[in-house]
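Undergrad: Below: one structure in structure tokens.
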Amino acid sequence: MIKGTRRMNTILGAVGVLLVLILVYRQLPSRRPRTLGVHAGRLADCPATPNCVCTQATDPEHRIEPIHFEGNPSTGFQRVQSTLATMPRLKVISAEFPYLHAEARTPLLQFIDDVEILVDEDSSTIHFRSASRVGHSDLGVNRERMEQFRRLFHQTPAGPPP
């Protein structure tokens with residue numbers, strides 16, 4: 001009986017330590033990267049890790065196609081905001097034409113991914129970047145999020161954001 005109790009206490013202790021480590025690890029990505037924003041008319045390059053996609057990337061691993069739209073660029077920006085408002089676990093942090101920054105949280109561990117959008121007025125193009133703050137692989141989550149954004153954008157009527 002004592003051996004069983006010790007074993008159970010050891011297992012519960014290990015689970016407790018693991019939970020504490022997960023909670024501490026979750027707090028690490030809370031700092032926003034300094035590379036966010038528009039620099040010389042471009043979004044930041046993706047890191048070498050496969051947990052980022054960007055329309056301005058040149059390598060196939062990180063490259064994702066931008067969205068082309070018709071009409072007034074500020075209306076396109078409003079449409080971006082309306083589209084993002086329909087996406088779960090995504091919060092707009094700042095939005096000042098032509099740039100928007102949002103944070104997306106993973107459902108289970110609440111890791112933060114940064115989503116950036118830049119409207120290019122001259123070419124009527126929406127550039128975007130989605131990147132994990134920590135880790136190596138995101139199992140394709142950032143790419144899928146931005147493909148979902150693309151699908152929803154094409155379904156969203158023009159108008160002011162909610």
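Starting from 1 in every chain, residues are counted up; chains themselves are A, B, ... following the order of the structure tokens, and ligands are numbered from 1 as listed.
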Show which residues sit within 12 Å of A:Asp114, as JSON, numbers by chain. Count only C-alpha atoms, and ignore same-chain residues fewer than 4 positions away.

TA: {"A": [29, 30, 31, 32, 33, 34, 35, 36, 37, 43, 44, 46, 51, 52, 53, 54, 89, 90, 91, 92, 93, 94, 100, 101, 102, 103, 104, 105, 106, 128, 129, 130, 131, 132, 133, 134, 141, 142, 145, 146]}

Undergrad: Among stretch 59-157 of chain A, which residues does DSSP mark as strand (DSSP E or B) when it is run on the backbone? Keep the chain and numbering as in the structure and answer as a PyMOL selection string.

TA: chain A and resi 63+67-68+90-96+99-105+112-120+125-132

Undergrad: Find the distance between atom CA of A:Met87 and atom CA of A:His154 and write it in Å to one decimal.

TA: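 The value is 13.8 Å.
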
Undergrad: Env of A:Pro66: 8 Å cut, atoms = only C-alpha atoms, seq-sep filter 6 positions within chain, self excluded. Answer as number ranges by chain.

TA: A: 55, 125-128

Undergrad: What are the DSSP helix (DSSP H, G or I) residues of stretch 56-86 of chain A, as a list in words?

TA: Pro73, Ser74, Thr75, Gly76, Phe77, Gln78, Arg79, Val80, Gln81, Ser82, Thr83, Leu84 and Ala85 of chain A
